[in-house]
Amino acid sequence: MLNPKAALFFLSIFSQFISADTASWVCWAYGTEIVIAVGLWFIFISTVIFSQI
């Protein structure tokens, strides 16, 4: 894991929307959405920073 602070931040946000009685598929849907959104964000940032303009 390259940035553990980011993972802890998103985990803290994730825990605000999930309770003990939340359906399993909803947990997986939220988790998948977070992984995709964060992955795309970090790819975008690294592309912008390292692009040769």
# chains A, B, ... in the order shown; residues from 1 in each chain; ligands from 1
call {"tool": "select_by_dssp", "arguments": {"residues": "chain A", "states": "alpha helix (DSSP H)", "output": "ChimeraX atom specification"}}
result
/A:4-14,24-50
call {"tool": "atom_distance", "arguments": {"atom1": "atom CA of A:Trp28", "atom2": "atom CA of A:Trp41"}}
result
19.7 Å
call {"tool": "atom_distance", "arguments": {"atom1": "atom CA of A:Ala6", "atom2": "atom CA of A:Val38"}}
result
9.0 Å
